[in-house]
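Peer 1: mmCIF, C-alpha atoms, saved as upload_4.cif, coming up:
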```cif
data_protein
#
loop_
_atom_site.group_PDB
_atom_site.id
_atom_site.type_symbol
_atom_site.label_atom_id
_atom_site.label_comp_id
_atom_site.auth_asym_id
_atom_site.auth_seq_id
_atom_site.Cartn_x
_atom_site.Cartn_y
_atom_site.Cartn_z
ATOM 1 C CA MET A 12 86.135 91.820 62.789
ATOM 2 C CA ILE A 13 87.404 88.604 61.185
ATOM 3 C CA LEU A 14 90.895 87.285 61.979
ATOM 4 C CA TYR A 15 92.839 84.776 59.872
ATOM 5 C CA LEU A 16 95.430 83.222 62.190
ATOM 6 C CA TRP A 17 98.371 81.808 60.276
ATOM 7 C CA TRP A 18 101.454 80.059 61.514
ATOM 8 C CA GLY A 19 103.925 80.777 58.821
ATOM 9 C CA ARG A 20 105.956 78.644 56.521
ATOM 10 C CA ASN A 21 109.317 76.955 56.561
ATOM 11 C CA PRO A 22 111.508 79.413 54.614
ATOM 12 C CA ASP A 23 113.993 76.661 53.815
ATOM 13 C CA TRP A 24 111.354 75.206 51.467
ATOM 14 C CA TRP A 25 111.612 78.527 49.789
ATOM 15 C CA GLU A 26 109.782 78.616 46.464
ATOM 16 C CA MET A 27 107.144 76.026 47.324
ATOM 17 C CA ALA A 28 106.467 77.579 50.731
ATOM 18 C CA LEU A 29 106.233 81.096 49.343
ATOM 19 C CA ASN A 30 103.889 80.044 46.541
ATOM 20 C CA ASN A 31 101.669 78.219 49.052
ATOM 21 C CA GLN A 32 101.399 81.321 51.193
ATOM 22 C CA LEU A 33 100.639 83.605 48.262
ATOM 23 C CA GLU A 34 97.938 81.215 47.067
ATOM 24 C CA CYS A 35 96.411 81.225 50.564
ATOM 25 C CA LEU A 36 96.399 85.003 50.643
ATOM 26 C CA THR A 37 94.888 85.266 47.176
ATOM 27 C CA GLU A 38 92.103 82.876 48.234
ATOM 28 C CA ILE A 39 91.352 84.871 51.385
ATOM 29 C CA PHE A 40 91.459 88.235 49.606
ATOM 30 C CA LYS A 41 88.874 86.881 47.149
ATOM 31 C CA LYS A 42 86.670 85.449 49.919
ATOM 32 C CA ILE A 43 86.465 88.756 51.748
ATOM 33 C CA TRP A 44 86.420 91.008 48.650
ATOM 34 C CA THR A 45 89.553 92.891 49.685
ATOM 35 C CA ARG A 46 90.000 96.257 47.985
ATOM 36 C CA GLU A 47 92.690 97.775 50.216
ATOM 37 C CA VAL A 48 95.453 96.341 52.424
ATOM 38 C CA LEU A 49 97.311 98.115 55.213
ATOM 39 C CA HIS A 50 100.605 96.263 55.592
ATOM 40 C CA ILE A 51 102.174 96.120 59.094
ATOM 41 C CA PRO A 52 105.779 95.050 58.393
ATOM 42 C CA PHE A 53 107.391 95.545 61.815
ATOM 43 C CA ALA A 54 107.982 91.981 63.026
ATOM 44 C CA ARG A 55 111.044 91.204 60.910
ATOM 45 C CA THR A 56 113.706 93.159 62.772
ATOM 46 C CA GLY A 57 116.540 90.624 63.031
ATOM 47 C CA ILE A 58 119.160 89.445 60.557
ATOM 48 C CA MET A 59 117.363 87.543 57.828
ATOM 49 C CA LYS A 60 118.428 84.913 55.349
ATOM 50 C CA LYS A 61 118.316 86.351 51.848
ATOM 51 C CA ASN A 62 115.371 84.103 50.929
ATOM 52 C CA ARG A 63 113.085 85.603 53.609
ATOM 53 C CA ASP A 64 112.426 89.048 52.154
ATOM 54 C CA ALA A 65 109.312 88.359 50.048
ATOM 55 C CA PHE A 66 107.053 90.123 52.560
ATOM 56 C CA TRP A 67 109.175 93.214 52.989
ATOM 57 C CA PRO A 68 107.162 96.238 51.841
ATOM 58 C CA VAL A 69 108.351 96.553 48.228
ATOM 59 C CA ALA A 70 107.940 92.861 47.369
ATOM 60 C CA PHE A 71 104.614 92.546 49.184
ATOM 61 C CA GLN A 72 103.354 95.746 47.564
ATOM 62 C CA ASN A 73 104.056 94.285 44.135
ATOM 63 C CA PHE A 74 102.083 91.147 45.017
ATOM 64 C CA VAL A 75 99.108 93.088 46.438
ATOM 65 C CA GLU A 76 98.937 95.499 43.519
ATOM 66 C CA SER A 77 99.128 92.623 41.034
ATOM 67 C CA LEU A 78 95.684 91.625 42.407
ATOM 68 C CA TRP A 79 94.359 95.151 41.772
ATOM 69 C CA ILE A 80 94.259 95.881 45.509
ATOM 70 C CA VAL A 81 95.336 99.240 46.930
ATOM 71 C CA TYR A 82 98.475 98.936 49.078
ATOM 72 C CA LYS A 83 99.125 101.007 52.219
ATOM 73 C CA ASN A 84 102.292 100.797 54.347
ATOM 74 C CA ALA A 85 101.966 101.260 58.121
ATOM 75 C CA THR A 86 105.511 102.621 58.186
ATOM 76 C CA TYR A 87 103.949 105.905 57.031
ATOM 77 C CA ILE A 88 101.539 107.855 59.235
ATOM 78 C CA GLU A 89 99.749 109.182 56.160
ATOM 79 C CA ASP A 90 98.945 105.648 54.991
ATOM 80 C CA ILE A 91 97.508 104.714 58.392
ATOM 81 C CA GLU A 92 95.420 107.885 58.463
ATOM 82 C CA GLU A 93 94.068 107.212 54.956
ATOM 83 C CA PHE A 94 93.298 103.525 55.625
ATOM 84 C CA SER A 95 89.636 102.720 54.994
ATOM 85 C CA GLY A 96 89.377 99.852 57.489
ATOM 86 C CA ASP A 97 89.223 97.123 54.820
ATOM 87 C CA THR A 98 92.010 94.578 55.502
ATOM 88 C CA ILE A 99 95.238 94.566 57.530
ATOM 89 C CA TYR A 100 98.135 92.206 56.831
ATOM 90 C CA MET A 101 100.752 91.701 59.570
ATOM 91 C CA ASN A 102 104.195 90.270 59.009
ATOM 92 C CA GLY A 103 105.476 87.611 61.347
ATOM 93 C CA TRP A 104 108.666 85.995 62.536
ATOM 94 C CA ASN A 105 111.292 87.120 64.859
ATOM 95 C CA ASP A 106 110.318 89.951 67.219
ATOM 96 C CA CYS A 107 106.875 89.627 68.767
ATOM 97 C CA LEU A 108 107.496 92.109 71.560
ATOM 98 C CA PHE A 109 108.585 94.819 69.138
ATOM 99 C CA LEU A 110 105.563 94.108 66.947
ATOM 100 C CA LEU A 111 103.309 94.421 70.003
ATOM 101 C CA GLU A 112 104.943 97.721 70.944
ATOM 102 C CA MET A 113 104.326 99.107 67.458
ATOM 103 C CA CYS A 114 100.719 97.911 67.420
ATOM 104 C CA LEU A 115 100.077 99.726 70.691
ATOM 105 C CA ASN A 116 100.870 103.029 69.000
ATOM 106 C CA GLN A 117 97.615 104.966 69.319
ATOM 107 C CA LEU A 118 97.145 105.582 65.606
ATOM 108 C CA LEU A 119 97.929 102.015 64.535
ATOM 109 C CA HIS A 120 95.959 100.492 67.408
ATOM 110 C CA SER A 121 92.907 102.492 66.322
ATOM 111 C CA ALA A 122 93.313 101.116 62.793
ATOM 112 C CA LEU A 123 93.462 97.558 64.168
ATOM 113 C CA LEU A 124 90.265 98.048 66.137
ATOM 114 C CA LYS A 125 88.313 99.475 63.209
ATOM 115 C CA THR A 126 89.391 97.092 60.445
ATOM 116 C CA LYS A 127 87.019 94.449 59.067
ATOM 117 C CA ASN A 128 89.698 91.802 58.466
ATOM 118 C CA ILE A 129 93.154 91.015 59.819
ATOM 119 C CA ILE A 130 95.379 88.470 58.065
ATOM 120 C CA GLY A 131 98.954 87.546 58.795
ATOM 121 C CA GLU A 132 101.696 85.168 59.691
ATOM 122 C CA SER A 133 103.429 83.723 62.698
ATOM 123 C CA CYS A 134 104.302 86.427 65.232
ATOM 124 C CA TRP A 135 101.208 88.470 64.463
ATOM 125 C CA ALA A 136 98.976 85.637 65.728
ATOM 126 C CA VAL A 137 100.788 85.951 69.040
ATOM 127 C CA VAL A 138 100.056 89.632 69.528
ATOM 128 C CA LEU A 139 96.382 89.205 68.569
ATOM 129 C CA ALA A 140 95.775 86.397 71.059
ATOM 130 C CA LYS A 141 95.339 86.652 74.819
ATOM 131 C CA HIS A 142 98.090 84.161 75.673
ATOM 132 C CA PHE A 143 101.012 82.597 73.860
ATOM 133 C CA SER A 144 102.719 79.439 75.053
ATOM 134 C CA SER A 145 106.486 79.681 74.604
ATOM 135 C CA SER A 146 109.428 79.082 76.941
ATOM 136 C CA LYS A 147 111.155 82.047 75.298
ATOM 137 C CA MET A 148 108.383 84.517 76.169
ATOM 138 C CA ASP A 149 107.649 86.221 79.460
ATOM 139 C CA SER A 150 104.270 84.855 80.583
ATOM 140 C CA ARG A 151 103.381 88.280 82.008
ATOM 141 C CA VAL A 152 103.106 89.851 78.563
ATOM 142 C CA ASP A 153 99.610 91.165 77.857
ATOM 143 C CA TRP A 154 98.838 90.638 74.183
ATOM 144 C CA LEU A 155 96.149 92.518 72.251
ATOM 145 C CA ASN A 156 93.455 89.894 72.986
ATOM 146 C CA LEU A 157 91.515 90.377 69.750
ATOM 147 C CA ALA A 158 91.311 86.595 69.461
ATOM 148 C CA LYS A 159 89.398 86.482 72.726
ATOM 149 C CA ASP A 160 90.082 84.022 75.522
ATOM 150 C CA SER A 161 92.641 82.042 73.516
ATOM 151 C CA ILE A 162 96.040 80.486 73.916
ATOM 152 C CA ILE A 163 97.950 79.774 70.690
ATOM 153 C CA VAL A 164 100.652 77.142 70.208
ATOM 154 C CA PRO A 165 102.571 77.517 66.912
ATOM 155 C CA HIS A 166 104.208 74.936 64.626
ATOM 156 C CA TYR A 167 102.132 72.355 66.473
ATOM 157 C CA THR A 168 102.624 69.128 64.491
ATOM 158 C CA GLU A 169 106.042 69.999 63.080
ATOM 159 C CA ARG A 170 107.560 70.456 66.555
ATOM 160 C CA ASN A 171 105.477 67.897 68.525
ATOM 161 C CA ARG A 172 103.894 70.466 70.822
ATOM 162 C CA GLU A 173 100.932 68.490 72.184
ATOM 163 C CA ASN A 174 102.186 68.795 75.757
ATOM 164 C CA LYS A 175 102.598 72.543 75.390
ATOM 165 C CA LEU A 176 98.959 72.862 74.331
ATOM 166 C CA PHE A 177 97.770 70.928 77.400
ATOM 167 C CA GLU A 178 100.096 72.878 79.705
ATOM 168 C CA GLY A 179 98.964 76.207 78.288
ATOM 169 C CA LYS A 180 95.282 75.313 78.642
ATOM 170 C CA GLU A 181 95.800 74.300 82.261
ATOM 171 C CA LYS A 182 97.945 77.327 83.096
ATOM 172 C CA TYR A 183 95.745 80.035 81.575
ATOM 173 C CA GLN A 184 92.294 78.421 81.836
ATOM 174 C CA THR A 185 91.202 79.914 78.512
ATOM 175 C CA LYS A 186 88.111 78.865 76.606
ATOM 176 C CA TYR A 187 90.178 78.081 73.494
ATOM 177 C CA ALA A 188 93.538 76.330 73.205
ATOM 178 C CA ILE A 189 94.612 76.243 69.576
ATOM 179 C CA GLY A 190 97.574 74.453 68.019
ATOM 180 C CA ILE A 191 98.297 75.741 64.512
ATOM 181 C CA ASP A 192 100.361 73.764 62.015
ATOM 182 C CA GLU A 193 102.653 75.489 59.552
ATOM 183 C CA ALA A 194 101.149 76.577 56.226
ATOM 184 C CA THR A 195 97.661 76.716 57.736
ATOM 185 C CA PHE A 196 95.141 79.493 58.374
ATOM 186 C CA VAL A 197 92.177 79.348 60.730
ATOM 187 C CA LYS A 198 89.336 81.855 60.684
ATOM 188 C CA PHE A 199 88.293 83.473 63.982
ATOM 189 C CA GLU A 200 84.935 85.289 63.952
ATOM 190 C CA ASN A 201 82.331 86.109 66.583
ATOM 191 C CA TRP A 202 84.530 84.565 69.282
ATOM 192 C CA ARG A 203 84.610 81.192 67.514
ATOM 193 C CA TYR A 204 87.139 79.342 65.346
ATOM 194 C CA TRP A 205 85.758 78.338 61.955
ATOM 195 C CA ASP A 206 87.217 77.454 58.549
ATOM 196 C CA VAL A 207 90.654 75.918 58.140
ATOM 197 C CA ILE A 208 92.336 77.116 54.966
ATOM 198 C CA TRP A 209 95.089 75.355 53.068
ATOM 199 C CA LEU A 210 97.458 72.546 53.849
ATOM 200 C CA TRP A 211 97.486 71.115 57.351
ATOM 201 C CA ASN A 212 95.402 71.188 60.524
ATOM 202 C CA ILE A 213 94.229 73.087 63.558
ATOM 203 C CA HIS A 214 94.201 71.314 66.936
ATOM 204 C CA TYR A 215 91.727 72.277 69.666
ATOM 205 C CA LEU A 216 91.327 71.662 73.383
#
```
Show me, as structure tokens, the structure contained in the file I just sent.
Peer 2:
Amino acid sequence: MILYLWWGRNPDWWEMALNNQLECLTEIFKKIWTREVLHIPFARTGIMKKNRDAFWPVAFQNFVESLWIVYKNATYIEDIEEFSGDTIYMNGWNDCLFLLEMCLNQLLHSALLKTKNIIGESCWAVVLAKHFSSSKMDSRVDWLNLAKDSIIVPHYTERNRENKLFEGKEKYQTKYAIGIDEATFVKFENWRYWDVIWLWNIHYL
């Protein structure tokens, strides 16, 4: 399994930020020869600004199908059952605990474990890691731990979170402590962090 950990975009830079993300996704889809995407859209459960809906199912389906990729929606059991195990895309943003709850559904969890590639934004990187450093999160939460032995600190440069990375590393004693800037992907494969894709940087301890 290959994971592409992504820490989102600033939606207030709307058109530029959206275009950057779509270009990143197009590049990754080409790298991994994606033929089918199962879209997990459950993270966005709060009230959204009108400019944040580009990754709701209908809009994201249009983007995926424009690349001649088959689109599946994890809202529907039939789509999960028919999923080939090619590539999963997870939405991010505002409700990590709800996203985790949905991913622990037996059918969807089985799809996550069998897929070759998982790509996504923001909140999804939380649920795939072992630990997540945030004052707003209960430290007792057990995430999916597909990005093994890792703590993830989001929006690292933009929000000056160097201390949080050090504190998280010390608290959890993980092998990897990763700070991810906005508009940046990092590839996780074979228990190691590899290529950085797109605009900014990844920070390691």
Peer 1: When the PyMOL selection byres ((chain A and resi 93-96) around 8) is applied to the file above, which residues end up in the set, as a PDB file with C-alpha atoms, in the frame of the given file?
Peer 2:
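File written: result30.pdb
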```pdb
ATOM      1  CA  GLU A  47      92.690  97.775  50.216  1.00  0.00           C
ATOM      2  CA  LEU A  49      97.311  98.115  55.213  1.00  0.00           C
ATOM      3  CA  LYS A  83      99.125 101.007  52.219  1.00  0.00           C
ATOM      4  CA  GLU A  89      99.749 109.182  56.160  1.00  0.00           C
ATOM      5  CA  ASP A  90      98.945 105.648  54.991  1.00  0.00           C
ATOM      6  CA  ILE A  91      97.508 104.714  58.392  1.00  0.00           C
ATOM      7  CA  GLU A  92      95.420 107.885  58.463  1.00  0.00           C
ATOM      8  CA  ASP A  97      89.223  97.123  54.820  1.00  0.00           C
ATOM      9  CA  THR A  98      92.010  94.578  55.502  1.00  0.00           C
ATOM     10  CA  ILE A  99      95.238  94.566  57.530  1.00  0.00           C
ATOM     11  CA  ALA A 122      93.313 101.116  62.793  1.00  0.00           C
ATOM     12  CA  LYS A 125      88.313  99.475  63.209  1.00  0.00           C
ATOM     13  CA  THR A 126      89.391  97.092  60.445  1.00  0.00           C
ATOM     14  CA  LYS A 127      87.019  94.449  59.067  1.00  0.00           C
TER      15      LYS A 127
END
```
Peer 1: At what distance in Å, to one decimal, does CA of Phe74 in chain A lie from CA of Leu124 in chain A?
Peer 2: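 Separation of CA of Leu124 in chain A and CA of Phe74 in chain A: 25.2 Å.
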Peer 1: When you count only C-alpha atoms, which of these residues is closest to Phe109 in chain A: A:Phe53, A:Tyr183, A:Phe71, A:Phe196?
Peer 2: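 Using only C-alpha atoms, the shortest distance to Phe109 in chain A belongs to A:Phe53.
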Peer 1: What does the structure give for the distance between CA of Gly131 in chain A and CA of Ser77 in chain A, in Å to one decimal?
Peer 2: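 About the pair CA of Gly131 in chain A and CA of Ser77 in chain A: they are 18.5 Å apart.
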Peer 1: Extract, using only C-alpha atoms, all DNA, RNA and protein residues at most 9 Å from Cys35 in chain A, discarding same-chain residues fewer than 3 positions from it, and format them as a tab-separated table (two decimals) with C-alpha atoms, keeping the file's coordinate frame.
Peer 2:
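Output (part.tsv):
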```
chain	number	residue	atom	x	y	z
A	30	ASN	CA	103.89	80.04	46.54
A	31	ASN	CA	101.67	78.22	49.05
A	32	GLN	CA	101.40	81.32	51.19
A	38	GLU	CA	92.10	82.88	48.23
A	39	ILE	CA	91.35	84.87	51.38
A	40	PHE	CA	91.46	88.24	49.61
A	194	ALA	CA	101.15	76.58	56.23
A	195	THR	CA	97.66	76.72	57.74
A	196	PHE	CA	95.14	79.49	58.37
A	208	ILE	CA	92.34	77.12	54.97
A	209	TRP	CA	95.09	75.36	53.07
```
Peer 1: If I take CA of Glu26 in chain A and CA of Ile51 in chain A, how far is one from the other in Å, to one decimal?
Peer 2: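 Separation between CA of Glu26 in chain A and CA of Ile51 in chain A: 22.9 Å.
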Peer 1: Specify as number ranges by chain each residue included when the PyMOL selection byres ((chain A and resi 78) around 10) is applied to this file.
Peer 2: A: 37, 40-41, 45-46, 73-77, 79-81
Peer 1: Got a sec to resolve the PyMOL selection byres ((chain A and resi 13) around 7) on this structure and send the residues as a list in words?
Peer 2: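 Those residues are Met12, Leu14, Tyr15, Lys127, Asn128, Ile129, Phe199 and Glu200 of chain A.
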Peer 1: Restricting the calculation to all atoms listed in the file: of A:Leu123, A:Ile88, A:Ile162, A:Val197, which residue gets closest to Lys182 in chain A?
Peer 2: A:Ile162
Peer 1: Calculated over only C-alpha atoms, which of the candidates A:Thr86, A:Arg172, A:Leu110, A:Gln72 has the smallest distance to Val48 in chain A?
Peer 2: A:Gln72
Peer 1: So that I can see what lies close to Leu139 in chain A, please list as an MDAnalysis selection string the residues with an atom at most 6 Å from it, counting all atoms listed in the file and leaving out residues fewer than 6 positions away in the same chain.
Peer 2: chainID A and resid 155:158
Peer 1: Of the candidates A:Asn174, A:Ile130, A:Gln117, A:Gly103, which shows the shortest atom-to-atom distance to Ile43 in chain A, using only C-alpha atoms?
Peer 2: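 The closest residue to Ile43 in chain A is A:Ile130.
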